[in-house]
Amino acid sequence: MTRANRDGRVKMTIRGSRRAIGRQGGGVHLLVRAEPPRPPARRQRRPVALALVIDRSGSMGQAAADRSLAPAPMPVLGRPGRGVVDTGRADKLSYVKAATLRLLDLMRDGDAVALVTFDDQVAVAKPLTVLDDRSRRALADAVGRLQPGGSTFLEGGLRAGLEQFGEATLAHYGCKLVLLSDGQANVGEQRPAVLSETAAGAAHRGITTSTLGVGFDYNIALMSSLAEAGNGDFNHIGSLEALDEILREEFTAAAEVTARGVRVAVELPERLAFGTNLNGYRQQSTEHGFEVLLGDLVRPKEFLFEVTTPVPLEGDELTIAVRAVSRDAADAAHESDARLALRVCDADEAERMPVDQDVIDKLLIQLPARAEMDATLAHEAGDLARARAVVDASHQAMAGVRRYYGAATAGLPALDVWEARLSDLSAATLRGPMPAVQLKTMYASGYDQSRSRPQRPL
């Protein structure tokens with residue numbers, strides 16, 4: 001059952017793979033969907049303050065010649081009449097400069113932009129500046145002067161970018177930081193968990209952090225955890241030709257977000273066991289269940305989780321409630337909820353109940369994607385034992401799906417695909433650490449699936 005989406009509230013839906021659960025030894029997968037309100041008309045939208053934090057370390061000066069990062073004719077930077085010319089170079093930083101200037105063309109007067117760069121030093125090339133004809137020319141000049149330098153002081157760039165957002169800016173703008181890097185942080189703080197705390201603190205203030213990993217040498221754990229903690233999105237830039245589109249998406253998300261800092265509390269009856277959401281969103285326990293942090297919504301987001309009955313349940317029915325709290329673009333608070341009733345019966349009877357095929361289909365996409373993402377992170381950390389444990393756990397999850405849903409999943413091609421993907425993962429683990437290209441493309445594909453994003457060419 002759902003509640004209507006009124007007055008800027010997030011529309012919540014909760015569905016079960018079945019509408020019944022075994023009194024003991026049973027299990028059900030639940031799909032929760034959070035749908036944001038419609039965005040306002042463009043003329044009514046809140047202005048956006050965007051801090052672009054750009055890695056200009058030495059590797060950004062290298063030619064874009066690795067696999068999909070192949071050289072291509074350089075586009076002209078900016079629109080005619082703005083005094084911007086083609087650099088004629090096919091290195092990664094030149095692509096970034098070109099895409100940055102086209103992004104400025106997309107933004108409207110009244111939006112604001114800051115330009116922060118880092119190598120082993122941090123430079124605020126342009127403090128947060130409100131866009132008009134004059135400031136656009138100044139920003140274009142600052143972008144044009146960027147040159148590759150030395151090492152990668154990612155922590156310094158992140159902190160300097162966040163410092164661009166003062167309290168007055170937070171009160172009047174939708175604030176987003178976009179961090180772009182192609183390498184490993186090797187100066188200053190480098191631990192993903194520590195840097196993610198910085199992004200989480202900024203998100204609490206109302207600043208969204210998204211990350212763009214360019215090429216195949218950046219650290220997946222760092223870039224993805226920064227975005228997750230910062231209520232934003234992680235983006236893998238396997239092809240520099242895709243950079244324009246992804247930067248535009250990041251700006252559009254900031255301009256059109258209608259539900260900020262969405263947190264979904266899941267309230268469960270006593271004696272019902274639950275697992276971590278399969279999509280990998282941040283999750284924390286609460287007194288009556290757990291809470292999932294979905295961040296900012298510009299499109300619907302979903303998450304799946306499993307509940308089981310390890311000890312006998314009492315009664316003939318149980319209710320699971322989900323409640324979303326969020327803030328709209330004007331910083332007003334909203335709440336919305338939904339509930340699902342499940343019949344409690346003998347396990348055999350529950351397993352004869354009809355299944356919700358849409359929930360099953362999404363489950364059979366998400367479970368192997370989650371395994372690939374977790375195995376990728378283990379390979380990146382050089383922990384092959386953990387990678388093997390991920391594969392083993394995914395085999396156990398597959399056995400659980402077959403046990404719970406039996407005939408409803410018999411003959412489904414998705415199960416064969418899952419089995420094949422696990423075989424490939426197992427073989428890759430036996431060969432040793434995965435190549436960087438395989439790590440990035442596998443993780444990016446799984447991430448896009450888990451975040452309900454359209455698959456991009458990798």
# chains A, B, ... in the order shown; residues from 1 in each chain; ligands from 1
>>> select_by_dssp(residues="segment 179-309 of chain A", states="alpha helix (DSSP H)", output="MDAnalysis selection string")
chainID A and resid 192:205 220:229 243:256
>>> residues_around(residues="Cys175 of chain A", least_positions_apart="5", cutoff="12 Å", atoms="only C-alpha atoms", output="PyMOL selection string")
chain A and resi 46-52+111-114+128+161-170+202-210+230-232+250-251+253-257+260+296+329
>>> closest_residue(among="A:Leu195, A:Leu212, A:Leu30, A:Val262", to="Gly156 of chain A", atoms="only C-alpha atoms")
A:Leu195
>>> select_by_dssp(residues="segment 301-422 of chain A", states="strand (DSSP E or B)", output="PyMOL selection string")
chain A and resi 301-308+317-327+333-345
>>> residues_around(residues="Ala381 of chain A", least_positions_apart="3", cutoff="10 Å", atoms="only C-alpha atoms", output="CSV table (one decimal) with C-alpha atoms, in the first residue's frame")
chain,number,residue,atom,x,y,z
A,219,ASN,CA,40.8,4.0,-6.4
A,220,ILE,CA,37.3,2.6,-6.6
A,221,ALA,CA,36.8,2.3,-2.9
A,375,ALA,CA,34.6,-9.0,-5.3
A,376,THR,CA,36.0,-6.0,-7.3
A,377,LEU,CA,36.6,-4.1,-4.0
A,378,ALA,CA,38.3,-7.2,-2.6
A,384,LEU,CA,41.8,-12.7,-2.7
A,386,ARG,CA,37.8,-12.1,0.7
A,387,ALA,CA,37.0,-12.2,-3.0
A,433,PRO,CA,44.4,-9.9,-9.0
>>> closest_residue(among="A:Leu104, A:Ala420, A:Ala140, A:Gly406", to="Ala350 of chain A", atoms="only C-alpha atoms")
A:Gly406
>>> residues_around(residues="segment 366-370 of chain A", least_positions_apart="2", cutoff="7 Å", atoms="only C-alpha atoms", output="PDB file with C-alpha atoms, in the first residue's frame")
ATOM      1  CA  LEU A 278      21.494  -5.573  -1.435  1.00  0.00           C
ATOM      2  CA  ASN A 279      22.052  -2.307  -3.316  1.00  0.00           C
ATOM      3  CA  LYS A 362      15.109  -7.254  -9.912  1.00  0.00           C
ATOM      4  CA  LEU A 363      16.479  -9.605  -7.287  1.00  0.00           C
ATOM      5  CA  LEU A 364      18.121 -11.741  -9.976  1.00  0.00           C
ATOM      6  CA  GLU A 372      30.710  -8.467  -8.625  1.00  0.00           C
ATOM      7  CA  MET A 373      30.985  -5.110  -6.858  1.00  0.00           C
ATOM      8  CA  ASP A 374      32.090  -6.686  -3.570  1.00  0.00           C
ATOM      9  CA  TRP A 418      24.080 -15.530 -12.466  1.00  0.00           C
ATOM     10  CA  GLY A 446      27.199  -3.197 -11.092  1.00  0.00           C
ATOM     11  CA  SER A 450      22.301  -1.022  -8.138  1.00  0.00           C
TER      12      SER A 450
END
>>> closest_residue(among="A:Gly61, A:Gly110, A:Pro148, A:Gly157", to="Ala123 of chain A", atoms="only C-alpha atoms")
A:Gly157
>>> residues_around(residues="Val96 of chain A", least_positions_apart="5", cutoff="12 Å", atoms="only C-alpha atoms", output="PyMOL selection string")
chain A and resi 52-56+60-61+64+74-75+77+87+89-91+101-103+117+143-144+146-148+179-182+212-214+237+239-244+246-247
>>> closest_residue(among="A:Thr252, A:Thr429, A:Thr319, A:Thr441", to="Met107 of chain A", atoms="only C-alpha atoms")
A:Thr252
>>> residues_around(residues="Val325 of chain A", least_positions_apart="4", cutoff="6 Å", atoms="only C-alpha atoms", output="PyMOL selection string")
chain A and resi 262-263+334-335
>>> closest_residue(among="A:Asp356, A:Asp331, A:Glu302, A:Glu155", to="Thr198 of chain A", atoms="only C-alpha atoms")
A:Glu155
>>> closest_residue(among="A:Ala265, A:Leu439, A:Ala160, A:Leu293", to="Ala200 of chain A", atoms="only C-alpha atoms")
A:Leu293
>>> atom_distance(atom1="atom CA of Val264 of chain A", atom2="atom CA of Asn277 of chain A")
11.7 Å
>>> closest_atom_pairs(of="segment 229-328 of chain A", to="segment 9-21 of chain A", cutoff="8 Å", atoms="only C-alpha atoms", output="tab-separated table")
residue	atom	partner	partner_atom	distance
A:Ala259	CA	A:Val10	CA	6.9
A:Val322	CA	A:Ile14	CA	7.5
A:Arg323	CA	A:Met12	CA	7.7
A:Ala324	CA	A:Val10	CA	7.0
A:Ser326	CA	A:Val10	CA	7.6
>>> atom_distance(atom1="atom CA of Gly315 of chain A", atom2="atom CA of Val344 of chain A")
7.0 Å
>>> atom_distance(atom1="atom CA of Leu31 of chain A", atom2="atom CA of Leu294 of chain A")
14.0 Å
